[in-house]
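Reading through the structure tokens given below for one structure.
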Amino acid sequence: MRVLISGTSGWLGGELAKRLAAAGHCVTGLSRRATKLEGVASIEADLSKDSSIEAAAAHGPFDVLVHNAGCLGWCTTAQAQSINVLGTRRALDIAAATSCQKVVVASSIAAVGTAAPYWPPKSVPISPEHLNAGFPWPYALSMTHKEVLARRACGLDDQLDATALRVGNVVTFPGLVHHDGIGIEYEQSPATSSDVAEELATSSACRFPEHKMASVALSDAVACLEAATLAPRRPGFRVLNVCGPTSFSREPVADVLRAWYPSTIEGLDHFERPGHERDQLYDNGPTFDALGWRPLVDLNADVPLEPSPVWKRL
């Protein structure tokens with residue numbers, strides 16, 4: 001299989017490229033910096049520029065395009081628009097120019113657009129079809145726009161297969177280290193009921209605390225990208241969640257969400273059933289149905305479940 005992967009000089013894209021190349025696939029990486037991976041061809045091109053389309057087209061055709069390039073949560077509005085949104089438009093143009101009728105777009109669970117304390121999810125567990133809740137965060141909005149562009153591409157070409165993967169907060173395992181894309185690394189701690197209050201004490205900005213619960217091991221995230229890449233082509237558009245098997249949380253999910261959001265959230269009683277206190281906040285079920293993928297690494301294995309001290313007082 002001939003696979004073009006954008007963002008191969010980065011963490012997730014590079015790991016996927018290595019895995020596919022090792023399995024014998026013909027892999028080409030497209031990135032602003034040279035891709036220096038064994039068995040992976042390199043295209044140096046910037047998806048924020050139209051010249052990237054011609055540069056990539058010269059190396060086609062491709063069977064699958066995996067669009068993984070982009071800027072992360074720290075991006076400005078201008079960066080989100082130029083790199084994430086317009087970069088996705090150019091990636092889809094590359095697919096068209098290289099006779100590629102299957103596209104995998106790396107989106108994010110941030111596309112749901114939630115933020116504490118004023119933009120709660122409408123219902124939980126959070127479906128991959130959950131619409132943006134309205135938090136005006138440039139990164140989240142750009143992820144929503146990426147998905148809209150992929151959906152539109154399928155509307156223009158009824159033979160195109162496009163899958164948007166809403167990937168959670170990727171961490172190493174063991175170690176639980178997150179890479180933010182600009183050379184900064186930090187150890188990811190589990191979610192707690194006090195997260196929002198502690199952050200709002202130092203800033204008036206709303207927060208996206210759900211990213212902790214949505215943490216997923218790097219090995220699981222790469223396995224899902226690989227499954228989406230190798231799955232038989234099925235024309236149409238779909239959105240799928242890619243998160244760990246459980247919510248990475250020190251306390252029961254229901255307790256934590258009640259502490260984060262003052263409003264009522266539909267379906268919260270799911271997490272109050274015995275044995276479901278730390279079920280994954282984002283519904284991975286449709287991902288298994290579509291790709292046969294299940295996350296294998298439970299990041300909570302060494303994290304004891306504790307009732308929230310806030311709710312113990314009630």
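In the structure tokens, chains take the letters A, B, ... in the order shown, each chain's residues start at 1, and ligands count up from 1 in the order shown.
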Taking the chain letters and numbering used in this document, name the residues of segment 30-148 of chain A that DSSP puts in strand (DSSP E), as a ChimeraX atom specification.
-> /A:30-31,40-44,64-67,102-108
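Residues lying within 9 Å of segment 296-302 of chain A, counting only C-alpha atoms and ignoring same-chain neighbours fewer than 3 positions away, are Phe173, Pro174, Leu176, Pro190, Ser215, Val216, Ala217, Ser219, Asp220, Gly244, Pro245, Thr246, Ser247, Phe248, Ser249, Arg250, Arg278 and Leu305 of chain A.
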Interface rows for segment 77-101 of chain A against segment 131-139 of chain A: nearest pair, Å to one decimal, 9 Å, only C-alpha atoms, as CSV:
```
residue,atom,partner,partner_atom,distance
A:Thr77,CA,A:Pro138,CA,5.0
A:Ala78,CA,A:Pro138,CA,8.5
A:Gln79,CA,A:Pro138,CA,8.6
A:Ala80,CA,A:Tyr139,CA,5.9
A:Gln81,CA,A:Pro138,CA,8.2
A:Asn84,CA,A:Tyr139,CA,8.3
```
Please, could you write that set of residues out with all heavy atoms as a PDB file, in the first residue's frame?
```pdb
ATOM      1  N   THR A  77      -5.107  32.187  16.870  1.00  0.00           N
ATOM      2  CA  THR A  77      -6.176  32.093  15.876  1.00  0.00           C
ATOM      3  C   THR A  77      -5.596  32.047  14.471  1.00  0.00           C
ATOM      4  O   THR A  77      -6.032  31.262  13.625  1.00  0.00           O
ATOM      5  CB  THR A  77      -7.136  33.280  16.020  1.00  0.00           C
ATOM      6  OG1 THR A  77      -7.713  33.264  17.321  1.00  0.00           O
ATOM      7  CG2 THR A  77      -8.241  33.220  14.976  1.00  0.00           C
ATOM      8  N   ALA A  78      -4.591  32.892  14.207  1.00  0.00           N
ATOM      9  CA  ALA A  78      -3.978  32.930  12.877  1.00  0.00           C
ATOM     10  C   ALA A  78      -3.303  31.605  12.543  1.00  0.00           C
ATOM     11  O   ALA A  78      -3.422  31.099  11.419  1.00  0.00           O
ATOM     12  CB  ALA A  78      -2.961  34.069  12.808  1.00  0.00           C
ATOM     13  N   GLN A  79      -2.608  31.017  13.510  1.00  0.00           N
ATOM     14  CA  GLN A  79      -1.952  29.728  13.270  1.00  0.00           C
ATOM     15  C   GLN A  79      -2.975  28.621  13.059  1.00  0.00           C
ATOM     16  O   GLN A  79      -2.807  27.768  12.184  1.00  0.00           O
ATOM     17  CB  GLN A  79      -1.044  29.389  14.449  1.00  0.00           C
ATOM     18  CG  GLN A  79       0.197  30.251  14.549  1.00  0.00           C
ATOM     19  CD  GLN A  79       0.940  30.033  15.859  1.00  0.00           C
ATOM     20  OE1 GLN A  79       0.331  29.791  16.907  1.00  0.00           O
ATOM     21  NE2 GLN A  79       2.261  30.126  15.808  1.00  0.00           N
ATOM     22  N   ALA A  80      -4.018  28.635  13.867  1.00  0.00           N
ATOM     23  CA  ALA A  80      -5.062  27.623  13.726  1.00  0.00           C
ATOM     24  C   ALA A  80      -5.681  27.669  12.336  1.00  0.00           C
ATOM     25  O   ALA A  80      -5.940  26.629  11.713  1.00  0.00           O
ATOM     26  CB  ALA A  80      -6.132  27.816  14.798  1.00  0.00           C
ATOM     27  N   GLN A  81      -5.918  28.880  11.854  1.00  0.00           N
ATOM     28  CA  GLN A  81      -6.519  29.049  10.532  1.00  0.00           C
ATOM     29  C   GLN A  81      -5.551  28.648   9.428  1.00  0.00           C
ATOM     30  O   GLN A  81      -5.890  27.869   8.529  1.00  0.00           O
ATOM     31  CB  GLN A  81      -6.944  30.510  10.339  1.00  0.00           C
ATOM     32  CG  GLN A  81      -7.519  30.842   8.976  1.00  0.00           C
ATOM     33  CD  GLN A  81      -8.910  30.287   8.763  1.00  0.00           C
ATOM     34  OE1 GLN A  81      -9.548  29.852   9.710  1.00  0.00           O
ATOM     35  NE2 GLN A  81      -9.378  30.306   7.529  1.00  0.00           N
ATOM     36  N   ASN A  84      -3.892  24.585  10.594  1.00  0.00           N
ATOM     37  CA  ASN A  84      -4.839  23.481  10.789  1.00  0.00           C
ATOM     38  C   ASN A  84      -5.961  23.455   9.754  1.00  0.00           C
ATOM     39  O   ASN A  84      -6.268  22.404   9.190  1.00  0.00           O
ATOM     40  CB  ASN A  84      -5.435  23.552  12.199  1.00  0.00           C
ATOM     41  CG  ASN A  84      -4.410  23.222  13.270  1.00  0.00           C
ATOM     42  OD1 ASN A  84      -3.330  22.717  12.967  1.00  0.00           O
ATOM     43  ND2 ASN A  84      -4.730  23.512  14.513  1.00  0.00           N
TER      44      ASN A  84
END
```
Using only C-alpha atoms, which of the listed residues (A:Val167, A:Ala106, A:Ile265, A:Ile53) sits closest to Leu218 of chain A?
-> A:Val167
Would you please work out which residue, of A:Ile5, A:Leu86, A:Ala17, A:Leu92, is nearest to Ala69 of chain A when using only C-alpha atoms?
->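 The answer is A:Ile5, which sits nearest to Ala69 of chain A.
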Just the residues within 12 Å of segment 34-47 of chain A, please, counting only C-alpha atoms, with nothing from its chain fewer than 6 positions along; format it as a compact mmCIF listing (two decimals) with C-alpha atoms, in the first residue's frame.
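Printed below is result_11.txt as written:
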```txt
# COMPACT_ATOMS: atom_id res chain seq x y z
CA ARG A 2 1.26 3.48 -0.90
CA VAL A 3 0.69 5.81 2.04
CA LEU A 4 1.37 9.54 2.32
CA ILE A 5 1.57 10.83 5.90
CA SER A 6 1.78 14.52 6.76
CA GLY A 7 3.57 15.59 9.93
CA THR A 8 6.14 12.77 9.95
CA SER A 9 8.82 14.94 11.54
CA GLY A 10 6.55 15.10 14.59
CA TRP A 11 5.78 12.56 17.30
CA GLY A 13 3.09 10.95 12.55
CA GLY A 14 6.64 9.68 12.86
CA GLU A 15 5.61 6.69 14.96
CA LEU A 16 2.88 5.77 12.46
CA ALA A 17 5.31 6.06 9.55
CA LYS A 18 7.82 3.75 11.26
CA ARG A 19 5.13 1.19 12.02
CA LEU A 20 3.73 1.10 8.49
CA ALA A 21 7.19 1.01 6.88
CA ALA A 22 8.22 -1.88 9.14
CA ALA A 23 5.11 -3.76 7.96
CA GLY A 24 6.29 -3.43 4.35
CA HIS A 25 4.14 -0.57 3.12
CA CYS A 26 5.49 2.13 0.80
CA VAL A 27 5.44 5.19 3.07
CA THR A 28 6.15 8.80 2.15
CA ILE A 53 0.17 20.51 -3.40
CA GLU A 54 2.46 20.40 -6.43
CA ALA A 55 5.36 19.03 -4.37
CA ALA A 56 3.30 16.12 -3.08
CA ALA A 57 1.55 15.45 -6.40
CA ALA A 58 4.93 14.77 -8.01
CA HIS A 59 5.33 11.71 -5.75
CA GLY A 60 1.89 10.20 -6.31
CA HIS A 67 -3.23 14.01 7.50
CA ASN A 68 -1.50 14.36 10.85
CA ALA A 69 0.29 17.71 10.49
CA GLY A 70 -0.88 20.71 12.48
CA CYS A 71 -0.32 22.97 15.45
CA GLN A 79 -1.95 29.73 13.27
CA GLN A 81 -6.52 29.05 10.53
CA SER A 82 -3.35 28.93 8.43
CA ILE A 83 -1.92 25.59 9.58
CA ASN A 84 -4.84 23.48 10.79
CA VAL A 85 -7.73 24.64 8.62
CA LEU A 86 -6.08 25.70 5.35
CA GLY A 87 -3.49 22.94 5.78
CA THR A 88 -6.33 20.42 5.83
CA ARG A 89 -7.84 21.96 2.72
CA ARG A 90 -4.50 21.56 0.94
CA ALA A 91 -4.13 17.99 2.21
CA LEU A 92 -7.50 17.16 0.68
CA ASP A 93 -6.39 18.87 -2.55
CA ILE A 94 -3.30 16.64 -2.51
```
Please give the complete set of residues from segment 104-251 of chain A that DSSP, run on the backbone, assigns to helix (DSSP H, G or I), formatted as a PyMOL selection string.
-> chain A and resi 109-112+138-156+195-200+210-213+218-230
Please, what distance in Å, to one decimal, runs between atom CA of Ala221 of chain A and atom CA of Arg166 of chain A?
->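 Spanning atom CA of Ala221 of chain A to atom CA of Arg166 of chain A is a straight-line distance of 10.2 Å.
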Residue contacts of segment 228-239 of chain A (6 Å, only C-alpha atoms) excluding same-chain residues fewer than 4 positions away, as a PyMOL selection string = chain A and resi 128+151+154+159-165
For the residues in that selection, give me N, CA and C atoms as a compact mmCIF listing (two decimals), in the first residue's frame.
```txt
# COMPACT_ATOMS: atom_id res chain seq x y z
N PRO A 128 -18.87 10.58 19.32
CA PRO A 128 -18.04 11.21 18.29
C PRO A 128 -18.85 12.16 17.39
N ARG A 151 -15.75 16.29 5.66
CA ARG A 151 -17.14 15.93 5.33
C ARG A 151 -17.54 16.52 3.98
N CYS A 154 -16.19 14.62 1.00
CA CYS A 154 -16.99 13.42 0.69
C CYS A 154 -18.28 13.79 -0.04
N GLN A 159 -17.08 8.80 -3.94
CA GLN A 159 -16.20 7.64 -3.84
C GLN A 159 -15.11 7.82 -2.78
N LEU A 160 -15.06 8.99 -2.17
CA LEU A 160 -14.02 9.27 -1.18
C LEU A 160 -14.37 8.67 0.18
N ASP A 161 -13.40 8.03 0.80
CA ASP A 161 -13.52 7.49 2.16
C ASP A 161 -12.73 8.43 3.06
N ALA A 162 -13.39 9.09 4.00
CA ALA A 162 -12.70 10.02 4.91
C ALA A 162 -13.09 9.71 6.35
N THR A 163 -12.09 9.49 7.18
CA THR A 163 -12.30 9.23 8.60
C THR A 163 -11.57 10.28 9.41
N ALA A 164 -12.30 10.96 10.29
CA ALA A 164 -11.69 11.92 11.22
C ALA A 164 -11.57 11.25 12.58
N LEU A 165 -10.36 11.14 13.07
CA LEU A 165 -10.11 10.51 14.36
C LEU A 165 -9.92 11.59 15.42
```
Residue neighbourhood segment 114-118 of chain A, 8 Å, only C-alpha atoms, exclusion window fewer than 2 positions, as a ChimeraX atom specification = /A:110,112,120-121,132-135,196,206-209,260-262
How would the residues just chosen look if you wrote them out with all heavy atoms as a CSV table (one decimal), in the first residue's frame?
```csv
chain,number,residue,atom,x,y,z
A,110,ALA,N,-10.8,17.8,21.4
A,110,ALA,CA,-11.1,19.2,21.6
A,110,ALA,C,-12.2,19.7,20.7
A,110,ALA,O,-12.8,20.8,21.0
A,110,ALA,CB,-9.8,20.0,21.4
A,112,VAL,N,-15.0,18.9,20.4
A,112,VAL,CA,-16.3,18.9,21.1
A,112,VAL,C,-16.6,20.3,21.6
A,112,VAL,O,-17.7,20.7,21.8
A,112,VAL,CB,-16.3,17.9,22.2
A,112,VAL,CG1,-17.6,18.0,23.0
A,112,VAL,CG2,-16.2,16.5,21.6
A,120,PRO,N,-20.4,23.0,29.1
A,120,PRO,CA,-20.3,21.6,29.4
A,120,PRO,C,-20.7,20.8,28.2
A,120,PRO,O,-21.3,21.3,27.2
A,120,PRO,CB,-21.4,21.5,30.5
A,120,PRO,CG,-22.4,22.5,30.1
A,120,PRO,CD,-21.6,23.7,29.6
A,121,PRO,N,-20.4,19.5,28.2
A,121,PRO,CA,-20.9,18.6,27.2
A,121,PRO,C,-22.4,18.5,27.3
A,121,PRO,O,-22.9,18.5,28.4
A,121,PRO,CB,-20.2,17.3,27.4
A,121,PRO,CG,-19.8,17.3,28.9
A,121,PRO,CD,-19.5,18.8,29.2
A,132,ASN,N,-19.8,20.9,18.4
A,132,ASN,CA,-19.0,21.9,19.2
A,132,ASN,C,-19.9,22.6,20.2
A,132,ASN,O,-21.0,23.2,19.8
A,132,ASN,CB,-18.3,22.8,18.3
A,132,ASN,CG,-17.3,23.7,19.0
A,132,ASN,OD1,-17.7,24.5,19.8
A,132,ASN,ND2,-16.1,23.5,18.7
A,133,ALA,N,-19.5,22.6,21.5
A,133,ALA,CA,-20.3,23.2,22.5
A,133,ALA,C,-20.2,24.7,22.6
A,133,ALA,O,-21.0,25.4,23.3
A,133,ALA,CB,-20.0,22.6,23.9
A,134,GLY,N,-19.3,25.3,21.9
A,134,GLY,CA,-19.2,26.7,21.7
A,134,GLY,C,-18.1,27.5,22.3
A,134,GLY,O,-17.9,28.7,22.2
A,135,PHE,N,-17.2,26.8,23.0
A,135,PHE,CA,-16.0,27.4,23.6
A,135,PHE,C,-15.1,28.0,22.5
A,135,PHE,O,-14.6,27.3,21.7
A,135,PHE,CB,-15.2,26.4,24.5
A,135,PHE,CG,-14.0,27.0,25.1
A,135,PHE,CD1,-13.9,28.3,25.6
A,135,PHE,CD2,-12.8,26.2,25.2
A,135,PHE,CE1,-12.8,28.8,26.2
A,135,PHE,CE2,-11.7,26.7,25.8
A,135,PHE,CZ,-11.7,28.0,26.3
A,196,VAL,N,-10.3,22.5,38.0
A,196,VAL,CA,-10.8,23.8,37.5
A,196,VAL,C,-10.7,24.9,38.5
A,196,VAL,O,-10.3,26.0,38.2
A,196,VAL,CB,-12.3,23.6,37.0
A,196,VAL,CG1,-12.9,24.9,36.7
A,196,VAL,CG2,-12.4,22.6,35.9
A,206,CYS,N,-11.5,30.2,30.9
A,206,CYS,CA,-12.1,28.9,31.0
A,206,CYS,C,-11.1,27.8,30.6
A,206,CYS,O,-10.1,28.1,30.0
A,206,CYS,CB,-13.3,28.8,30.1
A,206,CYS,SG,-14.7,29.9,30.6
A,207,ARG,N,-11.3,26.6,31.1
A,207,ARG,CA,-10.4,25.5,30.9
A,207,ARG,C,-11.0,24.3,30.2
A,207,ARG,O,-12.2,24.2,30.2
A,207,ARG,CB,-9.8,25.1,32.3
A,207,ARG,CG,-9.2,26.2,33.1
A,207,ARG,CD,-7.9,26.7,32.4
A,207,ARG,NE,-7.3,27.8,33.1
A,207,ARG,CZ,-6.2,28.4,32.8
A,207,ARG,NH1,-5.5,28.0,31.7
A,207,ARG,NH2,-5.8,29.4,33.5
A,208,PHE,N,-10.1,23.5,29.6
A,208,PHE,CA,-10.6,22.3,28.9
A,208,PHE,C,-10.0,21.1,29.7
A,208,PHE,O,-9.0,20.5,29.4
A,208,PHE,CB,-10.0,22.3,27.5
A,208,PHE,CG,-10.3,21.0,26.8
A,208,PHE,CD1,-11.6,20.5,26.6
A,208,PHE,CD2,-9.3,20.3,26.2
A,208,PHE,CE1,-11.9,19.3,26.0
A,208,PHE,CE2,-9.6,19.1,25.5
A,208,PHE,CZ,-10.9,18.6,25.4
A,209,PRO,N,-10.6,20.8,30.9
A,209,PRO,CA,-10.0,19.8,31.8
A,209,PRO,C,-10.2,18.4,31.3
A,209,PRO,O,-9.5,17.5,31.8
A,209,PRO,CB,-10.7,20.1,33.1
A,209,PRO,CG,-12.1,20.6,32.7
A,209,PRO,CD,-11.8,21.5,31.5
A,260,TRP,N,-16.7,20.4,38.2
A,260,TRP,CA,-16.2,21.2,37.1
A,260,TRP,C,-17.3,22.1,36.5
A,260,TRP,O,-17.1,23.3,36.1
A,260,TRP,CB,-15.6,20.4,35.9
A,260,TRP,CG,-14.3,19.8,36.2
A,260,TRP,CD1,-13.5,20.0,37.3
A,260,TRP,CD2,-13.7,18.8,35.4
A,260,TRP,NE1,-12.4,19.2,37.2
A,260,TRP,CE2,-12.5,18.4,36.0
A,260,TRP,CE3,-14.0,18.2,34.2
A,260,TRP,CZ2,-11.6,17.5,35.5
A,260,TRP,CZ3,-13.1,17.2,33.6
A,260,TRP,CH2,-11.9,16.9,34.3
A,261,TYR,N,-18.6,21.5,36.4
A,261,TYR,CA,-19.7,22.2,35.7
A,261,TYR,C,-20.9,22.4,36.7
A,261,TYR,O,-21.3,21.4,37.3
A,261,TYR,CB,-20.1,21.4,34.5
A,261,TYR,CG,-19.1,21.4,33.4
A,261,TYR,CD1,-18.3,20.2,33.2
A,261,TYR,CD2,-18.8,22.5,32.6
A,261,TYR,CE1,-17.4,20.1,32.2
A,261,TYR,CE2,-17.9,22.4,31.6
A,261,TYR,CZ,-17.2,21.2,31.4
A,261,TYR,OH,-16.2,21.2,30.4
A,262,PRO,N,-21.4,23.6,36.8
A,262,PRO,CA,-22.5,23.8,37.7
A,262,PRO,C,-23.9,23.3,37.0
A,262,PRO,O,-24.8,23.1,37.8
A,262,PRO,CB,-22.6,25.3,37.8
A,262,PRO,CG,-21.9,25.9,36.6
A,262,PRO,CD,-20.9,24.9,36.2
```
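Distance check against Asn241 of chain A using only C-alpha atoms: of A:Arg294, A:Arg32, A:Lys102, A:Arg273, the minimum falls on A:Arg294.
Coordinates place atom CA of Leu12 of chain A at a distance of 24.1 Å from atom CA of Ala96 of chain A.
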Among the residues A:Leu257, A:Asp157, A:Gly29, A:Pro304, the one that comes closest to Ser194 of chain A [using only C-alpha atoms] = A:Leu257
